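Read through the structure below, which is laid out as structure tokens, and then see the notes.
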Amino acid sequence: MMLTSNNRIRDIERKPEYRHPDNCVPPPSLNSNRMWFIRDGCGIACAVITWMLVIYAEFVVLCVMLIPSRDIVYTVVNGVIFNVCAFLALASHSRAMLTDPGAVPKGNATKEFIESLQLKPGQVVYKCPKCCSIKPDRAHHCSVCRRCIRKMDHHCPWVNNCVGETNQKFFVLFTMYIALISLHALVMVGFHFLYCFEEDWTKCSSFSPPTTVILLILLCFEGLLFLIFTSVMFGTQVHSICTDETGIEQLKKEERRWAKKTKWMNLKAVFGHPFSISWLSPFVTPDQGKTDQYQYVV
């Protein structure tokens with residue numbers, strides 16, 4: 001494939017000495033089962049805030065609206081729906097945060113490793129000058145994770161991780177379930193306000209009327225804000241998956257150098273083969289098939 005003048009000039013450096021990268025030192029051997037976690041103060045704070053907001057919504061929904069309700073069926077049905085979606089949202093958040101997003105082995109651009117690839121004449125490997133790794137096509141370096149990430153879409157502080165090739169499913173599920181519980185909470189708040197206006201305010205909640213109003217207004221504001229944010233993010237992610245173009249590639253308007261597939265094939269590549277109810281489960285790791293770890297451009 002021919003290289004163009006705009007072919008990832010900002011992301012890669014193509015120099016003859018990369019065939020003899022003596023300045024690259026192999027990293028110490030790490031346990032492959034080591035849990036992935038980014039030690040970023042801002043990201044950790046955002047992740048904790050996310051959990052606290054979901055717990056606050058859980059508190060208001062249960063203690064202010066559902067438990068004091070006299071309608072047992074209404075309480076049970078809405079309680080089960082909200083709690084299941086909230087649990088799946090937090091589980092998806094945990095998987096998105098603790099799953100390796102597709103990090104390229106760090107420091108592997110050594111002379112010995114490149115020689116072991118047995119490149120043909122004219123073949124070129126790209127090296128990331130920041131993490132000293134052989135850079136696959138469509139990989140980008142994240143300054144927060146300090147690694148090159150395959151099919152990196154963006155770095156999200158709310159999950160304290162990059163959204164990349166291997167954890168995009170969990171991030172999409174996180175945005176979907178947060179949007180669902182936000183919408184559900186807003187609907188219940190609306191019904192509860194109507195109920196309190198028709199009945200005595202002292203009987204529609206276990207708290208005093210002023211406290212009840214403040215708690216409901218805060219939940220309404222939180223639900224509306226997160227509904228808009230996560231709905232937009234969910235739609236953006238689904239569009240990115242269907243077009244097989246990451247957020248970074250769209251932002252940089254990179255020329256497509258990979259095979260074009262159908263939208264359905266792109267969805268299965270992220271959520272797994274074949275289509276099943278497991279697409280909606282954050283506990284099922286998608287079987288994305290075997291992909292080449294390194295790609296070359298001639």
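Labeling convention for the structure tokens: chains A, B, ... as they appear, residues from 1 per chain, ligands from 1 in order of appearance.
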Spatial neighbours of Ile217 in chain A, 12 Å, only C-alpha atoms, chain gap at least 4 places, as a CSV table (one decimal) with C-alpha atoms, in the first residue's frame:
```
chain,number,residue,atom,x,y,z
A,57,ALA,CA,-29.7,8.2,42.7
A,60,VAL,CA,-33.4,8.9,46.4
A,64,VAL,CA,-37.8,8.9,48.9
A,185,ALA,CA,-35.4,8.3,37.4
A,186,LEU,CA,-36.8,11.3,35.7
A,189,VAL,CA,-39.6,11.9,39.8
A,190,GLY,CA,-42.4,13.3,37.6
A,192,HIS,CA,-43.8,11.4,42.4
A,193,PHE,CA,-44.3,15.1,42.2
A,210,PRO,CA,-38.5,20.7,52.1
A,211,THR,CA,-36.0,17.9,52.3
A,212,THR,CA,-38.0,15.8,49.9
A,213,VAL,CA,-38.3,18.7,47.3
A,221,PHE,CA,-30.9,17.8,37.6
A,222,GLU,CA,-28.5,14.9,37.8
A,223,GLY,CA,-30.8,12.6,35.7
A,224,LEU,CA,-31.3,15.3,33.0
```
Just the residues within 9 Å of Leu267 in chain A, please, counting only C-alpha atoms, with nothing from its chain fewer than 6 positions along; format it as a PDB file with N, CA, C and O atoms, in the first residue's frame.
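And here is the file that came out, selection32.pdb:
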```pdb
ATOM      1  N   VAL A 238     -21.898   4.331  18.900  1.00  0.00           N
ATOM      2  CA  VAL A 238     -22.535   3.412  17.954  1.00  0.00           C
ATOM      3  C   VAL A 238     -22.237   3.832  16.516  1.00  0.00           C
ATOM      4  O   VAL A 238     -21.945   2.997  15.655  1.00  0.00           O
ATOM      5  N   ILE A 241     -18.684   2.878  15.738  1.00  0.00           N
ATOM      6  CA  ILE A 241     -18.543   1.440  15.509  1.00  0.00           C
ATOM      7  C   ILE A 241     -19.077   1.063  14.130  1.00  0.00           C
ATOM      8  O   ILE A 241     -18.446   0.293  13.393  1.00  0.00           O
ATOM      9  N   CYS A 242     -20.233   1.587  13.781  1.00  0.00           N
ATOM     10  CA  CYS A 242     -20.853   1.225  12.499  1.00  0.00           C
ATOM     11  C   CYS A 242     -20.014   1.690  11.309  1.00  0.00           C
ATOM     12  O   CYS A 242     -19.948   1.004  10.286  1.00  0.00           O
ATOM     13  N   ASP A 244     -16.790   2.115  11.515  1.00  0.00           N
ATOM     14  CA  ASP A 244     -15.441   1.594  11.731  1.00  0.00           C
ATOM     15  C   ASP A 244     -14.408   2.698  11.625  1.00  0.00           C
ATOM     16  O   ASP A 244     -13.397   2.593  10.930  1.00  0.00           O
TER      17      ASP A 244
END
```
**Prompt:** Smallest atom-to-atom distance to Leu173 in chain A: which of A:Ala89, A:Cys42, A:Val48, A:Val270, using only C-alpha atoms?
**Reply:**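 Ranked by minimum distance to Leu173 in chain A, first place goes to A:Ala89.
Every protein, DNA or RNA residue with an atom at most 12 Å from Ala259 in chain A, where only C-alpha atoms count and chain neighbours fewer than 5 positions away do not, is listed here: Thr243, Asp244, Glu245, Met265 and Asn266 of chain A.
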Selection export as a CSV table (one decimal), in the first residue's frame, atoms kept: all heavy atoms:
```csv
chain,number,residue,atom,x,y,z
A,243,THR,N,-19.4,2.8,11.4
A,243,THR,CA,-18.5,3.4,10.3
A,243,THR,C,-17.1,2.8,10.4
A,243,THR,O,-16.3,3.1,9.5
A,243,THR,CB,-18.5,4.9,10.4
A,243,THR,OG1,-18.0,5.3,11.6
A,243,THR,CG2,-19.9,5.5,10.1
A,244,ASP,N,-16.8,2.1,11.5
A,244,ASP,CA,-15.4,1.6,11.7
A,244,ASP,C,-14.4,2.7,11.6
A,244,ASP,O,-13.4,2.6,10.9
A,244,ASP,CB,-15.1,0.5,10.7
A,244,ASP,CG,-13.9,-0.3,11.1
A,244,ASP,OD1,-13.5,-0.2,12.3
A,244,ASP,OD2,-13.3,-0.9,10.2
A,245,GLU,N,-14.7,3.8,12.4
A,245,GLU,CA,-13.8,4.9,12.4
A,245,GLU,C,-13.7,5.5,13.8
A,245,GLU,O,-14.8,5.9,14.3
A,245,GLU,CB,-14.2,6.0,11.4
A,245,GLU,CG,-13.2,7.0,11.1
A,245,GLU,CD,-13.6,8.0,10.0
A,245,GLU,OE1,-14.8,8.1,9.7
A,245,GLU,OE2,-12.7,8.7,9.5
A,265,MET,N,-21.2,-6.3,10.5
A,265,MET,CA,-19.9,-6.9,10.8
A,265,MET,C,-19.1,-6.1,11.8
A,265,MET,O,-18.4,-6.6,12.7
A,265,MET,CB,-19.2,-7.1,9.5
A,265,MET,CG,-19.8,-8.1,8.6
A,265,MET,SD,-18.8,-8.2,7.0
A,265,MET,CE,-17.2,-8.8,7.6
A,266,ASN,N,-19.2,-4.8,11.7
A,266,ASN,CA,-18.5,-3.9,12.6
A,266,ASN,C,-19.0,-4.0,14.0
A,266,ASN,O,-18.3,-4.0,15.0
A,266,ASN,CB,-18.6,-2.4,12.1
A,266,ASN,CG,-17.8,-2.2,10.9
A,266,ASN,OD1,-16.8,-2.8,10.6
A,266,ASN,ND2,-18.3,-1.3,10.0
```
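The shell of residues at most 9 Å from Ser69 in chain A, with only C-alpha atoms counted and near chain neighbours (fewer than 5 positions) removed, consists of Val64, Tyr74, Thr75, Cys204 and Ser205 of chain A.
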Just-selected residues, C-alpha atoms written as a PDB file, in the first residue's frame:
```pdb
ATOM      1  CA  VAL A  64     -37.812   8.908  48.905  1.00  0.00           C
ATOM      2  CA  TYR A  74     -45.327  -0.101  41.566  1.00  0.00           C
ATOM      3  CA  THR A  75     -42.547  -0.325  44.168  1.00  0.00           C
ATOM      4  CA  CYS A 204     -45.562  10.933  50.269  1.00  0.00           C
ATOM      5  CA  SER A 205     -42.082  10.683  51.741  1.00  0.00           C
TER       6      SER A 205
END
```
**Request:** Based on DSSP run over this structure's backbone, return all residues of range 42-141 of chain A in strand (DSSP E or B), as number ranges by chain.
**Result:** A: 103, 124, 127-128, 133-134, 139-141
**Item:** Those in range 222-271 of chain A with helix (DSSP H, G or I) from DSSP, as a VMD selection string
**Value:** chain A and resid 222 to 243 247 to 252 263 to 271
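The two atoms in question, CA of Pro282 in chain A and CA of Asp137 in chain A, are spaced 27.6 Å apart.
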**Request:** Would you mind listing what lies within 12 Å of range 168-171 of chain A as a ChimeraX atom specification, with only C-alpha atoms counted and same-chain residues fewer than 6 positions away left out?
**Result:** /A:88-102,149-162,177-178,230,233-234,236-238,240-241,246-247,266-272,278-288
**Asked** Could you state the separation of CA of Val172 in chain A and CA of Pro136 in chain A in Å, given to one decimal place?
**Response**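 Taking CA of Val172 in chain A as the start and CA of Pro136 in chain A as the end point, the length is 23.9 Å.
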